[in-house]
>>> print(open('run-v7.txt').read())   # compact mmCIF, C-alpha atoms
# COMPACT_ATOMS: atom_id res chain seq x y z
CA MET F 1 33.09 91.47 101.31
CA SER F 2 33.48 92.22 97.64
CA GLN F 3 34.83 88.70 97.05
CA ALA F 4 31.80 87.13 98.69
CA TYR F 5 29.60 89.15 96.41
CA ALA F 6 31.74 88.50 93.37
CA ALA F 7 29.98 85.21 92.78
CA HIS F 8 26.65 87.01 92.92
CA GLY F 9 26.70 89.91 90.48
CA GLY F 10 23.03 90.61 91.09
CA GLU F 11 23.62 91.03 94.80
CA ILE F 12 26.29 93.66 94.17
CA ALA F 13 23.84 95.65 92.09
CA GLU F 14 21.20 95.30 94.80
CA GLN F 15 23.64 96.34 97.52
CA GLN F 16 24.64 99.34 95.44
CA ASP F 17 20.98 100.34 95.08
CA ARG F 18 20.45 100.03 98.84
CA ALA F 19 23.53 102.14 99.55
CA LYS F 20 22.19 104.80 97.21
CA LEU F 21 18.78 104.74 98.91
CA GLY F 22 20.53 105.22 102.25
CA MET F 23 22.30 108.29 100.88
CA TRP F 24 19.01 109.75 99.63
CA MET F 25 17.47 109.20 103.09
CA PHE F 26 20.41 111.05 104.62
CA LEU F 27 20.00 113.87 102.09
CA ALA F 28 16.30 114.09 103.06
CA SER F 29 17.41 114.78 106.64
CA GLU F 30 19.93 117.31 105.31
CA VAL F 31 17.16 119.16 103.46
CA MET F 32 15.36 119.58 106.78
CA PHE F 33 18.58 120.70 108.50
CA PHE F 34 18.97 123.60 106.07
CA THR F 35 15.20 124.25 105.96
CA GLY F 36 15.24 125.25 109.62
CA PHE F 37 17.86 127.94 109.09
CA LEU F 38 16.39 129.04 105.77
CA ALA F 39 12.95 129.33 107.38
CA ALA F 40 14.46 131.57 110.06
CA TYR F 41 15.81 133.83 107.32
CA VAL F 42 12.50 133.82 105.40
CA ALA F 43 10.62 134.72 108.61
CA LEU F 44 13.13 137.52 109.18
CA ARG F 45 12.67 138.83 105.63
CA MET F 46 8.89 138.87 106.02
CA ALA F 47 8.83 140.45 109.46
CA ALA F 48 11.83 142.79 109.48
CA ALA F 49 11.71 146.57 109.45
CA PRO F 50 13.18 148.32 106.39
CA GLY F 51 16.98 148.30 106.45
CA VAL F 52 17.34 145.14 108.55
CA ILE F 53 17.72 142.92 105.47
CA LYS F 54 20.64 144.30 103.44
CA PRO F 55 21.76 142.01 100.61
CA GLU F 56 23.59 145.00 99.12
CA ALA F 57 26.01 144.81 102.08
CA LEU F 58 27.17 141.39 100.86
CA ASP F 59 29.68 140.84 98.05
CA TRP F 60 27.63 139.43 95.15
CA LYS F 61 30.68 139.37 92.83
CA ILE F 62 32.67 137.03 95.05
CA ALA F 63 29.51 134.92 95.52
CA THR F 64 29.03 134.73 91.73
CA PHE F 65 32.61 133.54 91.35
CA ASN F 66 32.02 130.87 94.01
CA THR F 67 28.80 129.80 92.28
CA ILE F 68 30.77 129.19 89.08
CA VAL F 69 33.41 127.25 91.07
CA LEU F 70 30.82 125.01 92.75
CA ILE F 71 28.83 124.32 89.56
CA THR F 72 32.09 123.42 87.78
CA SER F 73 32.91 121.05 90.66
CA SER F 74 29.52 119.39 90.15
CA LEU F 75 30.45 118.81 86.51
CA THR F 76 33.81 117.22 87.42
CA MET F 77 32.01 115.08 90.03
CA ALA F 78 29.46 113.87 87.46
CA LEU F 79 32.33 113.13 85.04
CA GLY F 80 34.08 111.16 87.80
CA VAL F 81 31.04 108.92 88.35
CA ASN F 82 30.72 108.61 84.56
CA ALA F 83 34.38 107.55 84.35
CA VAL F 84 34.07 104.75 86.94
CA GLN F 85 30.87 103.54 85.28
CA GLY F 86 32.93 103.11 82.13
CA GLY F 87 35.80 101.43 84.03
CA ASP F 88 38.13 104.44 83.65
CA ILE F 89 39.77 104.57 87.12
CA ARG F 90 42.37 107.13 86.00
CA GLY F 91 39.56 109.38 84.80
CA LEU F 92 37.80 108.85 88.13
CA LYS F 93 40.90 109.83 90.13
CA ARG F 94 41.55 112.88 87.92
CA ASN F 95 37.98 114.13 88.23
CA LEU F 96 37.89 113.51 91.99
CA LEU F 97 41.07 115.58 92.26
CA PHE F 98 39.54 118.43 90.20
CA THR F 99 36.44 118.30 92.41
CA ILE F 100 38.56 118.45 95.60
CA LEU F 101 40.60 121.39 94.24
CA LEU F 102 37.45 123.29 93.27
CA GLY F 103 35.97 122.61 96.72
CA VAL F 104 39.13 123.97 98.35
CA THR F 105 38.96 127.00 96.03
CA PHE F 106 35.40 127.63 97.19
CA LEU F 107 36.49 127.57 100.84
CA VAL F 108 39.52 129.81 100.25
CA VAL F 109 37.34 132.37 98.46
CA LYS F 110 34.78 132.06 101.28
CA GLY F 111 37.68 132.69 103.69
CA PHE F 112 38.51 135.95 101.90
CA GLU F 113 34.82 136.91 101.98
CA TYR F 114 34.65 136.29 105.74
CA GLY F 115 38.04 137.95 106.21
CA ALA F 116 36.78 141.14 104.58
CA LYS F 117 33.84 141.13 107.01
CA PHE F 118 36.03 140.48 110.08
CA SER F 119 38.60 143.14 109.13
CA HIS F 120 35.89 145.72 108.43
CA ASP F 121 35.91 148.70 110.78
CA PRO F 122 33.98 148.05 112.99
CA PRO F 123 34.27 144.27 112.51
CA ILE F 124 31.24 142.54 111.03
CA LEU F 125 30.56 139.43 113.10
CA PRO F 126 27.68 136.97 113.53
CA SER F 127 26.76 139.01 116.59
CA THR F 128 26.72 142.33 114.68
CA ASP F 129 22.99 142.10 113.94
CA ILE F 130 20.32 139.54 113.12
CA PHE F 131 20.93 139.82 109.36
CA TYR F 132 24.63 138.97 109.66
CA GLY F 133 23.69 136.31 112.22
CA THR F 134 21.58 134.43 109.65
CA TYR F 135 24.13 135.12 106.88
CA PHE F 136 26.98 133.56 108.87
CA VAL F 137 24.86 130.62 110.06
CA LEU F 138 23.63 129.75 106.56
CA THR F 139 26.94 130.23 104.72
CA GLY F 140 28.92 128.80 107.67
CA PHE F 141 26.98 125.54 107.82
CA HIS F 142 27.14 125.32 104.03
CA GLY F 143 30.90 125.84 104.19
CA LEU F 144 31.19 123.06 106.80
CA HIS F 145 29.31 120.78 104.40
CA VAL F 146 31.80 121.66 101.65
CA LEU F 147 34.62 120.82 104.07
CA GLY F 148 32.99 117.49 104.94
CA GLY F 149 32.58 116.78 101.24
CA ILE F 150 36.28 117.46 100.61
CA VAL F 151 37.19 114.93 103.34
CA ALA F 152 34.81 112.32 101.86
CA LEU F 153 36.11 112.99 98.32
CA SER F 154 39.71 112.61 99.53
CA LEU F 155 38.91 109.22 101.11
CA THR F 156 37.15 108.18 97.89
CA TRP F 157 40.26 109.18 95.93
CA LEU F 158 42.39 107.01 98.25
CA TYR F 159 40.08 104.04 97.75
CA ALA F 160 40.20 104.62 94.00
CA ALA F 161 44.02 104.69 94.15
CA ARG F 162 43.95 101.34 95.97
CA GLY F 163 41.87 99.82 93.21
CA ARG F 164 38.71 99.35 95.26
CA PHE F 165 36.31 100.39 92.51
CA SER F 166 35.20 98.79 89.27
CA THR F 167 32.32 99.04 86.80
CA ARG F 168 30.48 96.60 89.10
CA TRP F 169 31.18 98.25 92.47
CA TYR F 170 31.36 102.01 92.82
CA ALA F 171 28.64 102.79 95.40
CA PRO F 172 30.90 105.09 97.50
CA VAL F 173 31.74 107.16 94.39
CA GLU F 174 28.09 107.47 93.48
CA ASN F 175 27.12 108.40 97.05
CA VAL F 176 29.84 111.00 97.61
CA GLY F 177 28.70 112.40 94.26
CA LEU F 178 25.08 112.65 95.43
CA TYR F 179 26.24 114.42 98.59
CA TRP F 180 28.43 116.84 96.62
CA HIS F 181 25.62 117.71 94.20
CA PHE F 182 23.32 118.27 97.18
CA VAL F 183 25.79 120.76 98.66
CA ASP F 184 25.84 122.46 95.25
CA VAL F 185 22.02 122.63 95.23
CA VAL F 186 22.01 124.26 98.69
CA TRP F 187 24.38 126.94 97.37
CA ILE F 188 22.22 127.39 94.24
CA PHE F 189 19.49 128.59 96.62
CA LEU F 190 21.68 130.47 99.12
CA PHE F 191 23.31 132.51 96.34
CA PRO F 192 20.19 134.39 95.12
CA VAL F 193 18.36 134.33 98.47
CA LEU F 194 21.23 135.95 100.40
CA TYR F 195 23.12 137.98 97.80
CA LEU F 196 20.79 138.91 94.95
CA LEU F 197 17.12 139.18 95.89
CA PRO F 198 15.93 142.67 96.95
CA ALA F 199 15.22 143.16 100.66
CA MET O 1 19.26 99.51 85.62
CA THR O 2 21.91 102.15 85.86
CA HIS O 3 21.65 104.78 83.18
CA ILE O 4 24.98 105.97 81.80
CA ALA O 5 24.96 109.33 80.04
CA THR O 6 27.72 110.61 77.75
CA LYS O 7 30.34 113.11 78.90
CA GLY O 8 29.04 115.58 76.30
CA PHE O 9 25.60 115.44 77.87
CA TYR O 10 27.01 116.42 81.30
CA VAL O 11 28.88 119.31 79.68
CA LYS O 12 25.61 120.52 78.14
CA VAL O 13 23.90 120.43 81.56
CA PHE O 14 26.87 122.36 82.97
CA LEU O 15 26.60 125.00 80.24
CA ALA O 16 22.87 125.36 80.92
CA LEU O 17 23.67 125.92 84.63
CA MET O 18 26.26 128.55 83.72
CA VAL O 19 23.83 130.39 81.43
CA ALA O 20 21.19 130.27 84.20
CA THR O 21 23.73 131.71 86.68
CA GLY O 22 24.48 134.55 84.24
CA ILE O 23 20.77 135.24 83.80
CA THR O 24 20.07 135.27 87.55
CA VAL O 25 22.89 137.79 88.14
CA ALA O 26 21.81 139.94 85.15
CA VAL O 27 18.13 140.11 86.14
CA SER O 28 19.05 140.94 89.74
CA ARG O 29 20.56 144.20 88.36
CA ILE O 30 17.28 145.07 86.60
CA HIS O 31 14.30 146.36 88.58
CA LEU O 32 11.26 144.20 87.89
CA GLY O 33 9.43 145.23 91.03
CA HIS O 34 10.11 143.74 94.45
CA GLY O 35 7.94 140.64 93.90
CA GLY O 36 9.07 140.27 90.29
CA ASN O 37 12.77 140.13 91.18
CA ILE O 38 12.14 137.65 94.00
CA ALA O 39 9.87 135.41 91.90
CA LEU O 40 12.29 135.35 88.95
CA GLY O 41 15.35 134.77 91.16
CA LEU O 42 13.67 131.84 92.91
CA ALA O 43 12.30 130.41 89.64
CA ILE O 44 15.80 130.33 88.14
CA ALA O 45 17.20 128.72 91.32
CA VAL O 46 14.49 126.03 91.22
CA THR O 47 15.27 125.39 87.53
CA LYS O 48 19.01 125.05 88.28
CA ALA O 49 18.36 122.74 91.24
CA ALA O 50 16.05 120.61 89.06
CA LEU O 51 18.79 120.31 86.40
CA VAL O 52 21.34 119.18 88.99
CA ALA O 53 18.93 116.72 90.63
CA ALA O 54 17.56 115.27 87.38
CA PHE O 55 20.81 114.80 85.49
CA PHE O 56 23.88 115.09 87.77
CA MET O 57 22.11 113.15 90.55
CA HIS O 58 20.41 110.83 88.01
CA LEU O 59 16.99 111.37 89.59
CA LYS O 60 15.41 111.31 86.13
CA TYR O 61 16.45 107.66 85.83
CA ASP O 62 15.73 106.62 89.43
CA ARG O 63 12.44 105.04 90.39
CA GLY O 64 10.74 103.76 93.51
CA TRP O 65 11.97 104.60 96.98
CA VAL O 66 14.78 106.86 95.80
CA ARG O 67 12.19 109.14 94.23
CA VAL O 68 10.04 108.96 97.37
CA PHE O 69 12.95 110.04 99.56
CA ALA O 70 13.98 112.72 97.08
CA PHE O 71 10.55 114.34 96.96
CA TYR O 72 9.04 113.96 100.41
CA PRO O 73 11.44 116.43 102.13
CA LEU O 74 10.42 118.99 99.50
CA GLY O 75 6.85 118.61 100.76
CA LEU O 76 8.03 119.07 104.35
CA PHE O 77 10.09 122.07 103.26
CA LEU O 78 7.02 123.77 101.74
CA ILE O 79 4.82 122.91 104.75
CA LEU O 80 7.36 124.43 107.13
CA LEU O 81 7.68 127.65 105.11
CA PHE O 82 3.94 128.04 104.55
CA ALA O 83 3.27 127.32 108.23
CA LEU O 84 5.31 130.41 109.08
CA TRP O 85 3.71 132.72 106.60
CA PRO O 86 0.20 133.29 108.06
CA ASP O 87 1.65 133.78 111.53
CA ILE O 88 3.76 136.68 110.38
CA ALA O 89 1.43 138.09 107.74
CA PHE O 90 -1.79 138.06 109.77
CA ARG O 91 -0.99 137.78 113.44
CA PHE O 92 1.70 140.39 113.88
CA GLY O 93 0.98 142.59 110.89
CA ASP O 94 2.78 145.91 111.04
CA ALA O 95 3.85 145.29 114.62
CA ALA O 96 6.10 142.48 113.41
CA ARG O 97 7.94 144.91 111.16
CA HIS O 98 9.19 146.68 114.28
CA TRP O 99 9.52 143.53 116.34
CA VAL O 100 12.91 142.73 114.80
CA ALA O 101 13.85 146.31 113.99
CA GLY O 102 16.69 146.34 116.50
>>> encode(input="run-v7.txt", output="structure tokens")
Amino acid sequence: MSQAYAAHGGEIAEQQDRAKLGMWMFLASEVMFFTGFLAAYVALRMAAAPGVIKPEALDWKIATFNTIVLITSSLTMALGVNAVQGGDIRGLKRNLLFTILLGVTFLVVKGFEYGAKFSHDPPILPSTDIFYGTYFVLTGFHGLHVLGGIVALSLTWLYAARGRFSTRWYAPVENVGLYWHFVDVVWIFLFPVLYLLPA
Amino acid sequence: MTHIATKGFYVKVFLALMVATGITVAVSRIHLGHGGNIALGLAIAVTKAALVAAFFMHLKYDRGWVRVFAFYPLGLFLILLFALWPDIAFRFGDAARHWVAG
């Protein structure tokens, strides 16, 4: 495919723009996916009796650490796209690897956070009460998105290693980047809404 | 066409996000009133999200349909949240506060 387009540089640029638009349409649907769960939590906050919403029961320190990890991963992702735009494939691969490692770090830390809840006596589970139900649903689906992003980033790294990308064709890098930044934006909201804001 | 920023610019955006994260944690430890803490926490989150969208996601340099598809779900998001609000605030009133007590 890339050879057919090679004779038509303008078409590559157009195809890249269309691919990007497709990713933004997907992200629009993703916004609505998280809106449903977030709306459930907002409704709960507005309607709940005192004591039902208990952000103080969550570990804001571990969440702050994870916020720093995810924002740093957004920087390495942006630097990766920047590298391929400048034709630096080694820089692209290095930054994709950093982004993957930071994503894995986020999930490991999230694992410890969940572990502390599960090993609590009595165990804190999604079924414990409606507050923990929404907490596990929101952070759980976000965590699954991080996992999906790690898979997509790993495939992008493999393609980069096989020399698929150039300054003229890097749509998959740009699109996995958009997805990764979106997942970061979701966490930027989940962090204060779940862990910091008073009940 | 495609806008290419410098690496230093992305680092500056990153540093701004880090400072904003520090501020949001710091102000959450200070009592500004229930509404004050919530408003400030959300305002900082919106600012951070705008920084990521504008610069990391290049939305500042995108035009046309990309902008349409970036902004229209935000409208739907607000409609959905505001559609819930009167139902809970006016219809259930105090009863709602006990409705999910258990």
>>> closest_residue(input="run-v7.txt", among="F:Val108, F:Leu97, F:Ile12, F:Val42", to="chain O", atoms="all atoms listed in the file")
F:Val42
>>> closest_residue(input="run-v7.txt", among="O:Ile44, O:Met57, O:Val27, O:Ala16", to="chain F", atoms="all atoms listed in the file")
O:Met57
>>> atom_distance(input="run-v7.txt", atom1="atom CA of Asn95 of chain F", atom2="atom CA of Thr76 of chain F")
5.3 Å
>>> closest_atom_pairs(input="run-v7.txt", of="chain O", to="chain F", cutoff="7 Å", atoms="all atoms listed in the file", output="JSON lines")
{"residue": "O:Ile4", "atom": "CA", "partner": "F:Asn82", "partner_atom": "CA", "distance": 6.9}
{"residue": "O:Lys7", "atom": "CA", "partner": "F:Leu79", "partner_atom": "CA", "distance": 6.5}
{"residue": "O:Tyr10", "atom": "CA", "partner": "F:Leu75", "partner_atom": "CA", "distance": 6.7}
{"residue": "O:Phe14", "atom": "CA", "partner": "F:Leu75", "partner_atom": "CA", "distance": 6.2}
{"residue": "O:Ser28", "atom": "CA", "partner": "F:Leu196", "partner_atom": "CA", "distance": 5.9}
{"residue": "O:His34", "atom": "CA", "partner": "F:Pro198", "partner_atom": "CA", "distance": 6.4}
{"residue": "O:Asn37", "atom": "CA", "partner": "F:Leu197", "partner_atom": "CA", "distance": 6.5}
{"residue": "O:Ile38", "atom": "CA", "partner": "F:Leu197", "partner_atom": "CA", "distance": 5.5}
{"residue": "O:Gly41", "atom": "CA", "partner": "F:Pro192", "partner_atom": "CA", "distance": 6.3}
{"residue": "O:Ala45", "atom": "CA", "partner": "F:Phe189", "partner_atom": "CA", "distance": 5.8}
{"residue": "O:Ala49", "atom": "CA", "partner": "F:Val185", "partner_atom": "CA", "distance": 5.4}
{"residue": "O:Val52", "atom": "CA", "partner": "F:His181", "partner_atom": "CA", "distance": 6.9}
{"residue": "O:Phe56", "atom": "CA", "partner": "F:Ala78", "partner_atom": "CA", "distance": 5.7}
{"residue": "O:Met57", "atom": "CA", "partner": "F:Leu178", "partner_atom": "CA", "distance": 5.7}
{"residue": "O:Val66", "atom": "CA", "partner": "F:Leu21", "partner_atom": "CA", "distance": 5.5}
{"residue": "O:Phe69", "atom": "CA", "partner": "F:Met25", "partner_atom": "CA", "distance": 5.8}
{"residue": "O:Ala70", "atom": "CA", "partner": "F:Trp24", "partner_atom": "CA", "distance": 6.4}
{"residue": "O:Pro73", "atom": "CA", "partner": "F:Ala28", "partner_atom": "CA", "distance": 5.5}
{"residue": "O:Phe77", "atom": "CA", "partner": "F:Thr35", "partner_atom": "CA", "distance": 6.2}
{"residue": "O:Leu81", "atom": "CA", "partner": "F:Ala39", "partner_atom": "CA", "distance": 6.0}
{"residue": "O:Leu84", "atom": "CA", "partner": "F:Ala43", "partner_atom": "CA", "distance": 6.9}
{"residue": "O:Ile88", "atom": "CA", "partner": "F:Ala47", "partner_atom": "CA", "distance": 6.4}
{"residue": "O:Ala96", "atom": "CA", "partner": "F:Ala47", "partner_atom": "CA", "distance": 5.2}
{"residue": "O:Arg97", "atom": "CA", "partner": "F:Ala49", "partner_atom": "CA", "distance": 4.5}
{"residue": "O:His98", "atom": "CA", "partner": "F:Ala49", "partner_atom": "CA", "distance": 5.4}
{"residue": "O:Val100", "atom": "CA", "partner": "F:Ala48", "partner_atom": "CA", "distance": 5.4}
{"residue": "O:Ala101", "atom": "CA", "partner": "F:Ala49", "partner_atom": "CA", "distance": 5.0}
>>> closest_residue(input="run-v7.txt", among="F:Val183, F:Val173, F:Phe136, F:Lys110", to="Val84 of chain F", atoms="all atoms listed in the file")
F:Val173
>>> atom_distance(input="run-v7.txt", atom1="atom CA of Ala39 of chain O", atom2="atom CA of Thr24 of chain O")
11.1 Å
>>> closest_residue(input="run-v7.txt", among="F:Leu153, F:Leu92, F:Val146, F:Val109", to="Thr167 of chain F", atoms="all atoms listed in the file")
F:Leu92
>>> atom_distance(input="run-v7.txt", atom1="atom CA of Ala5 of chain O", atom2="atom CA of Phe55 of chain O")
8.8 Å
>>> closest_residue(input="run-v7.txt", among="F:Glu11, F:Gln16, F:Asp59, F:Phe141", to="Phe33 of chain F", atoms="only C-alpha atoms")
F:Phe141
>>> closest_residue(input="run-v7.txt", among="F:Pro172, F:Gly140, F:Pro123, F:Gly148", to="Gln15 of chain F", atoms="all atoms listed in the file")
F:Pro172
